[in-house]
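Source file upload37.cif; content: mmCIF, C-alpha atoms.
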```cif
data_data
#
loop_
_atom_site.group_PDB
_atom_site.id
_atom_site.type_symbol
_atom_site.label_atom_id
_atom_site.label_comp_id
_atom_site.auth_asym_id
_atom_site.auth_seq_id
_atom_site.Cartn_x
_atom_site.Cartn_y
_atom_site.Cartn_z
ATOM 1 C CA MET A 665 -41.890 4.938 -27.919
ATOM 2 C CA ALA A 666 -41.722 4.678 -31.710
ATOM 3 C CA HIS A 667 -40.194 8.152 -31.899
ATOM 4 C CA ARG A 668 -37.513 7.109 -29.437
ATOM 5 C CA SER A 669 -36.474 4.070 -31.516
ATOM 6 C CA VAL A 670 -36.216 6.222 -34.661
ATOM 7 C CA VAL A 671 -34.004 8.686 -32.779
ATOM 8 C CA GLN A 672 -31.860 5.831 -31.463
ATOM 9 C CA TYR A 673 -31.535 4.403 -34.983
ATOM 10 C CA LEU A 674 -30.427 7.774 -36.369
ATOM 11 C CA SER A 675 -27.971 8.212 -33.501
ATOM 12 C CA TYR A 676 -26.400 4.786 -34.046
ATOM 13 C CA HIS A 677 -26.352 5.319 -37.794
ATOM 14 C CA LYS A 678 -24.559 8.648 -37.485
ATOM 15 C CA ALA A 679 -22.220 7.420 -34.757
ATOM 16 C CA PHE A 680 -21.051 4.404 -36.748
ATOM 17 C CA ASN A 681 -20.590 6.524 -39.864
ATOM 18 C CA VAL A 682 -18.545 9.114 -37.997
ATOM 19 C CA LEU A 683 -16.418 6.529 -36.205
ATOM 20 C CA VAL A 684 -15.654 4.422 -39.276
ATOM 21 C CA ARG A 685 -15.690 6.764 -42.245
ATOM 22 C CA GLN A 686 -14.541 10.066 -40.750
ATOM 23 C CA MET A 687 -12.391 8.983 -37.828
ATOM 24 C CA ASN A 688 -11.169 5.849 -39.650
ATOM 25 C CA SER A 689 -11.730 3.761 -36.539
ATOM 26 C CA LYS A 690 -11.124 0.072 -37.179
ATOM 27 C CA ASP A 691 -10.938 -1.112 -33.580
ATOM 28 C CA LYS A 692 -12.062 -4.601 -32.655
ATOM 29 C CA ILE A 693 -14.951 -3.223 -30.576
ATOM 30 C CA ILE A 694 -16.291 -1.306 -33.601
ATOM 31 C CA VAL A 695 -16.057 -4.424 -35.788
ATOM 32 C CA GLU A 696 -17.845 -6.471 -33.116
ATOM 33 C CA ALA A 697 -20.603 -3.859 -32.821
ATOM 34 C CA LEU A 698 -21.084 -3.797 -36.601
ATOM 35 C CA LEU A 699 -21.213 -7.595 -36.750
ATOM 36 C CA HIS A 700 -23.748 -7.565 -33.927
ATOM 37 C CA GLU A 701 -25.923 -5.062 -35.835
ATOM 38 C CA LEU A 702 -25.600 -7.123 -39.009
ATOM 39 C CA ASN A 703 -26.593 -10.284 -37.183
ATOM 40 C CA THR A 704 -29.394 -9.026 -34.945
ATOM 41 C CA SER A 705 -30.874 -5.734 -36.128
ATOM 42 C CA ILE A 706 -34.578 -5.773 -36.949
ATOM 43 C CA ASN A 707 -34.092 -2.861 -39.351
ATOM 44 C CA TRP A 708 -32.853 -4.021 -42.755
ATOM 45 C CA LYS A 709 -31.283 -0.621 -43.483
ATOM 46 C CA VAL A 710 -29.078 -1.003 -40.399
ATOM 47 C CA ARG A 711 -27.911 -4.369 -41.731
ATOM 48 C CA VAL A 712 -27.076 -2.844 -45.127
ATOM 49 C CA GLN A 713 -25.174 -0.032 -43.409
ATOM 50 C CA ALA A 714 -23.283 -2.543 -41.262
ATOM 51 C CA CYS A 715 -22.212 -4.391 -44.428
ATOM 52 C CA ASP A 716 -21.084 -1.147 -46.068
ATOM 53 C CA LEU A 717 -19.079 -0.124 -43.019
ATOM 54 C CA LEU A 718 -17.509 -3.569 -42.646
ATOM 55 C CA MET A 719 -16.449 -3.389 -46.297
ATOM 56 C CA PHE A 720 -14.984 0.048 -45.606
ATOM 57 C CA VAL A 721 -13.081 -1.344 -42.603
ATOM 58 C CA GLY A 722 -11.667 -4.127 -44.796
ATOM 59 C CA ASN A 723 -10.839 -7.779 -44.327
ATOM 60 C CA ARG A 724 -7.595 -7.255 -42.407
ATOM 61 C CA HIS A 725 -9.471 -5.650 -39.515
ATOM 62 C CA VAL A 726 -12.744 -7.575 -39.742
ATOM 63 C CA LEU A 727 -11.137 -11.011 -39.811
ATOM 64 C CA VAL A 728 -9.343 -10.356 -36.512
ATOM 65 C CA LYS A 729 -12.511 -11.781 -34.986
ATOM 66 C CA ASP A 730 -13.282 -15.520 -35.349
ATOM 67 C CA VAL A 731 -13.494 -16.145 -39.115
ATOM 68 C CA ASP A 732 -15.796 -19.152 -38.727
ATOM 69 C CA GLU A 733 -18.249 -17.156 -36.622
ATOM 70 C CA ILE A 734 -18.259 -14.317 -39.165
ATOM 71 C CA PHE A 735 -18.703 -16.769 -42.034
ATOM 72 C CA GLU A 736 -21.613 -18.473 -40.260
ATOM 73 C CA ILE A 737 -23.430 -15.145 -39.845
ATOM 74 C CA LEU A 738 -22.854 -14.124 -43.461
ATOM 75 C CA GLU A 739 -23.688 -17.532 -44.925
ATOM 76 C CA ARG A 740 -27.034 -17.583 -43.119
ATOM 77 C CA LEU A 741 -27.903 -14.087 -44.293
ATOM 78 C CA LEU A 742 -27.379 -15.125 -47.930
ATOM 79 C CA TRP A 743 -30.727 -16.913 -47.809
ATOM 80 C CA ASP A 744 -32.327 -15.955 -44.491
ATOM 81 C CA HIS A 745 -33.369 -12.368 -44.993
ATOM 82 C CA ALA A 746 -36.524 -10.976 -46.555
ATOM 83 C CA HIS A 747 -34.813 -8.032 -48.271
ATOM 84 C CA GLN A 748 -32.812 -8.702 -51.394
ATOM 85 C CA GLU A 749 -30.696 -5.612 -50.663
ATOM 86 C CA VAL A 750 -29.392 -7.215 -47.470
ATOM 87 C CA ARG A 751 -28.635 -10.520 -49.186
ATOM 88 C CA SER A 752 -26.806 -8.741 -52.026
ATOM 89 C CA LYS A 753 -24.746 -6.638 -49.606
ATOM 90 C CA VAL A 754 -23.822 -9.780 -47.687
ATOM 91 C CA ALA A 755 -22.601 -11.334 -50.956
ATOM 92 C CA GLU A 756 -20.494 -8.214 -51.588
ATOM 93 C CA LEU A 757 -19.101 -8.400 -48.057
ATOM 94 C CA LEU A 758 -18.186 -12.076 -48.504
ATOM 95 C CA ASN A 759 -16.282 -11.071 -51.624
ATOM 96 C CA THR A 760 -14.522 -8.183 -49.844
ATOM 97 C CA LEU A 761 -13.527 -10.505 -46.992
ATOM 98 C CA ARG A 762 -12.288 -13.092 -49.507
ATOM 99 C CA LEU A 763 -14.786 -15.658 -48.223
ATOM 100 C CA ARG A 764 -16.821 -15.981 -51.437
ATOM 101 C CA ASN A 765 -15.097 -19.160 -52.633
ATOM 102 C CA ARG A 766 -15.778 -20.812 -49.291
ATOM 103 C CA ALA A 767 -19.452 -19.827 -49.549
ATOM 104 C CA CYS A 768 -19.714 -21.117 -53.127
ATOM 105 C CA SER A 769 -18.163 -24.462 -52.148
ATOM 106 C CA LEU A 770 -20.618 -24.815 -49.287
ATOM 107 C CA VAL A 771 -23.555 -24.011 -51.586
ATOM 108 C CA LEU A 772 -22.485 -26.686 -54.067
ATOM 109 C CA ARG A 773 -22.239 -29.272 -51.276
ATOM 110 C CA ARG A 774 -25.615 -28.338 -49.828
ATOM 111 C CA ILE A 775 -27.398 -28.446 -53.162
ATOM 112 C CA ASP A 776 -27.353 -32.268 -52.875
ATOM 113 C CA ASP A 777 -28.413 -32.445 -49.223
ATOM 114 C CA ARG A 778 -31.155 -34.864 -48.155
ATOM 115 C CA GLN A 779 -33.209 -32.154 -46.451
ATOM 116 C CA GLU A 780 -35.366 -30.107 -48.798
ATOM 117 C CA THR A 781 -34.967 -26.892 -46.807
ATOM 118 C CA VAL A 782 -31.174 -27.178 -46.938
ATOM 119 C CA ARG A 783 -31.349 -27.638 -50.733
ATOM 120 C CA ALA A 784 -33.754 -24.709 -51.097
ATOM 121 C CA HIS A 785 -31.568 -22.445 -48.959
ATOM 122 C CA ALA A 786 -28.562 -23.448 -51.067
ATOM 123 C CA ILE A 787 -30.463 -22.472 -54.217
ATOM 124 C CA ILE A 788 -31.351 -19.063 -52.746
ATOM 125 C CA SER A 789 -27.696 -18.591 -51.760
ATOM 126 C CA MET A 790 -26.586 -19.617 -55.250
ATOM 127 C CA ALA A 791 -28.757 -16.903 -56.777
ATOM 128 C CA THR A 792 -27.608 -14.328 -54.200
ATOM 129 C CA LEU A 793 -23.952 -15.120 -54.918
ATOM 130 C CA GLU A 794 -24.741 -14.995 -58.651
ATOM 131 C CA MET A 795 -23.182 -18.395 -59.248
ATOM 132 C CA LYS A 796 -23.826 -18.897 -62.937
ATOM 133 C CA GLY A 797 -21.623 -21.654 -64.321
ATOM 134 C CA GLU A 798 -22.237 -24.908 -66.140
ATOM 135 C CA LYS A 799 -22.103 -26.926 -62.920
ATOM 136 C CA GLU A 800 -24.715 -24.693 -61.325
ATOM 137 C CA LEU A 801 -26.896 -24.813 -64.445
ATOM 138 C CA LYS A 802 -26.909 -28.614 -64.471
ATOM 139 C CA ALA A 803 -27.666 -28.768 -60.741
ATOM 140 C CA LEU A 804 -30.624 -26.402 -61.064
ATOM 141 C CA LEU A 805 -31.979 -28.188 -64.127
ATOM 142 C CA ASP A 806 -31.777 -31.502 -62.252
ATOM 143 C CA ILE A 807 -33.603 -30.013 -59.285
ATOM 144 C CA LEU A 808 -36.291 -28.549 -61.525
ATOM 145 C CA ALA A 809 -36.830 -31.868 -63.294
ATOM 146 C CA LEU A 810 -36.263 -34.447 -60.577
ATOM 147 C CA ASP A 811 -36.452 -32.999 -57.061
ATOM 148 C CA SER A 812 -39.243 -34.352 -54.872
ATOM 149 C CA SER A 813 -39.576 -30.995 -53.093
ATOM 150 C CA VAL A 814 -41.892 -28.433 -54.648
ATOM 151 C CA TYR A 815 -40.219 -25.792 -52.457
ATOM 152 C CA ALA A 816 -36.771 -26.596 -53.911
ATOM 153 C CA ARG A 817 -38.158 -26.588 -57.475
ATOM 154 C CA ILE A 818 -39.828 -23.202 -56.925
ATOM 155 C CA GLN A 819 -36.516 -21.822 -55.641
ATOM 156 C CA ALA A 820 -34.824 -23.182 -58.786
ATOM 157 C CA VAL A 821 -37.339 -21.292 -60.956
ATOM 158 C CA ARG A 822 -36.704 -18.137 -58.917
ATOM 159 C CA ALA A 823 -32.939 -18.609 -59.275
ATOM 160 C CA PHE A 824 -33.228 -18.891 -63.056
ATOM 161 C CA SER A 825 -35.256 -15.684 -63.073
ATOM 162 C CA ARG A 826 -32.968 -13.797 -60.700
ATOM 163 C CA LEU A 827 -29.879 -14.804 -62.666
ATOM 164 C CA ASN A 828 -31.526 -13.953 -66.011
ATOM 165 C CA TRP A 829 -30.548 -17.339 -67.347
ATOM 166 C CA ASN A 830 -31.638 -17.498 -70.976
ATOM 167 C CA ASP A 831 -29.947 -20.776 -71.881
ATOM 168 C CA PRO A 832 -32.162 -22.815 -74.253
ATOM 169 C CA ARG A 833 -32.132 -25.756 -71.802
ATOM 170 C CA VAL A 834 -33.564 -23.540 -69.069
ATOM 171 C CA LEU A 835 -36.257 -22.136 -71.331
ATOM 172 C CA ARG A 836 -37.203 -25.621 -72.546
ATOM 173 C CA SER A 837 -37.398 -26.976 -69.003
ATOM 174 C CA LEU A 838 -39.515 -24.054 -67.819
ATOM 175 C CA LYS A 839 -41.898 -24.455 -70.769
ATOM 176 C CA GLU A 840 -42.300 -28.142 -69.893
ATOM 177 C CA ARG A 841 -43.215 -27.199 -66.322
ATOM 178 C CA GLU A 842 -45.705 -24.633 -67.626
ATOM 179 C CA LYS A 843 -47.597 -27.373 -69.484
ATOM 180 C CA GLY A 844 -47.996 -29.446 -66.327
ATOM 181 C CA GLU A 845 -50.444 -29.104 -63.477
ATOM 182 C CA GLY A 846 -50.070 -28.008 -59.889
ATOM 183 C CA ILE A 847 -48.389 -25.163 -58.114
ATOM 184 C CA LEU A 848 -45.162 -25.304 -60.148
ATOM 185 C CA ALA A 849 -47.085 -24.912 -63.419
ATOM 186 C CA ARG A 850 -48.830 -21.842 -62.025
ATOM 187 C CA TYR A 851 -45.532 -20.453 -60.712
ATOM 188 C CA THR A 852 -43.645 -20.631 -64.035
#
```
As structure tokens, the full file:
Amino acid sequence: MAHRSVVQYLSYHKAFNVLVRQMNSKDKIIVEALLHELNTSINWKVRVQACDLLMFVGNRHVLVKDVDEIFEILERLLWDHAHQEVRSKVAELLNTLRLRNRACSLVLRRIDDRQETVRAHAIISMATLEMKGEKELKALLDILALDSSVYARIQAVRAFSRLNWNDPRVLRSLKEREKGEGILARYT
């Protein structure tokens, strides 16, 4: 059974590559199949390939399908995937499809949400999208210092690390957390 799924994966992988890259097929059915693979595949490499092929197809052909539905899939994958490679490819795809600004605006709105998981997901998305401006810096510093959610504060620390933020305010805030007690002190 395992051998069969590997063979199927290789067959799909080769078929999509041939159809899109060699035969330059940009039909709606191909785009829908790639979006389905991106949204549902259990194999992270298939999701990365789907992103690459959708970028190859281009926004004019991909956005023939419902833009809001596509955006919803991509926005979720910015934070809801275990592999950083998938999240980074999704960020690239958002940029290719000219949906990055929409994603960044949504992240900035969600960073102030009442629910801690929504805030934490927004922080993960912020790091994935590599949003590194003054507004984002202040928001993350506020979360690190004032947020009631340990989960959101841990995600802020991870975002600072992922974005290689070496601003003196970040370093000072992280050193203050290091001096404290609890899980956040151990994490920094």
note = Using all atoms listed in the file, the residue out of A:Gly797, A:Phe735, A:Glu749, A:Asn830 with shortest distance to Leu770 of chain A is A:Phe735
Please list, as a PDB file with C-alpha atoms, in the coordinates of the input, the residues that have an atom at most 8 Å away from (-32.5, -18.2, -55.8) in the coordinates of this file, counting all atoms listed in the file.
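To be explicit, this is the file written out as result_32.pdb:
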```pdb
ATOM      1  CA  ILE A 787     -30.463 -22.472 -54.217  1.00  0.00           C
ATOM      2  CA  ILE A 788     -31.351 -19.063 -52.746  1.00  0.00           C
ATOM      3  CA  SER A 789     -27.696 -18.591 -51.760  1.00  0.00           C
ATOM      4  CA  MET A 790     -26.586 -19.617 -55.250  1.00  0.00           C
ATOM      5  CA  ALA A 791     -28.757 -16.903 -56.777  1.00  0.00           C
ATOM      6  CA  THR A 792     -27.608 -14.328 -54.200  1.00  0.00           C
ATOM      7  CA  GLN A 819     -36.516 -21.822 -55.641  1.00  0.00           C
ATOM      8  CA  ALA A 820     -34.824 -23.182 -58.786  1.00  0.00           C
ATOM      9  CA  VAL A 821     -37.339 -21.292 -60.956  1.00  0.00           C
ATOM     10  CA  ARG A 822     -36.704 -18.137 -58.917  1.00  0.00           C
ATOM     11  CA  ALA A 823     -32.939 -18.609 -59.275  1.00  0.00           C
ATOM     12  CA  PHE A 824     -33.228 -18.891 -63.056  1.00  0.00           C
ATOM     13  CA  ARG A 826     -32.968 -13.797 -60.700  1.00  0.00           C
TER      14      ARG A 826
END
```
Once 3 Å is added on each side, what are the centre and the three edge lengths, in Å to one decimal, of the axis-aligned box enclosing the listed atoms of segment 823-836 of chain A? Present them as AutoDock Vina command-line options.
```
--center_x -33.5 --center_y -19.8 --center_z -66.8 --size_x 13.3 --size_y 18.0 --size_z 21.0
```
message = Report as a list in words all protein, DNA and RNA residues lying within 7 Å of segment 705-711 of chain A, evaluated on all atoms listed in the file, omitting residues in the same chain fewer than 4 positions from it.
response = Glu701, Cys715 and Val750 of chain A
task = Starting from the displayed file, determine the output of the PyMOL selection byres ((chain A and resi 688-698) around 9) and express the residue list as a ChimeraX atom specification.
result = /A:680,682-687,699-703,711,713-715,717-718,721-722,725-726,728-729
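Atom CA of Glu736 of chain A lies 10.9 Å from atom CA of Leu763 of chain A.
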request  = Output the residue selection produced by the PyMOL selection byres ((chain A and resi 783) around 10) on the file above, formatted as a PyMOL selection string.
outcome  = chain A and resi 771-782+784-789+807+811+813+815-817+819-820
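Atom CA of Glu794 of chain A is found 11.2 Å from atom CA of Arg751 of chain A.
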key: Nearest to Met719 of chain A by atom-to-atom distance, counting only C-alpha atoms, from A:Leu758, A:Ala767, A:Leu827, A:Val814   = A:Leu758
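Of the listed residues (A:Leu810, A:Cys768, A:Val754, A:Ile818), A:Val754 comes nearest to Arg740 of chain A; the distances count all atoms listed in the file.
Between atom CA of Leu742 of chain A and atom CA of Lys796 of chain A the separation is 15.9 Å.
Ranking A:Trp829, A:Glu840, A:Leu793, A:Thr760 by their shortest atom-to-atom distance to Gln748 of chain A, with all atoms listed in the file included, puts A:Leu793 first.
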note = Counting all atoms listed in the file, the residue among A:Asn681, A:Ser825, A:Asp831, A:Arg841 that lies closest to Leu808 of chain A is A:Arg841
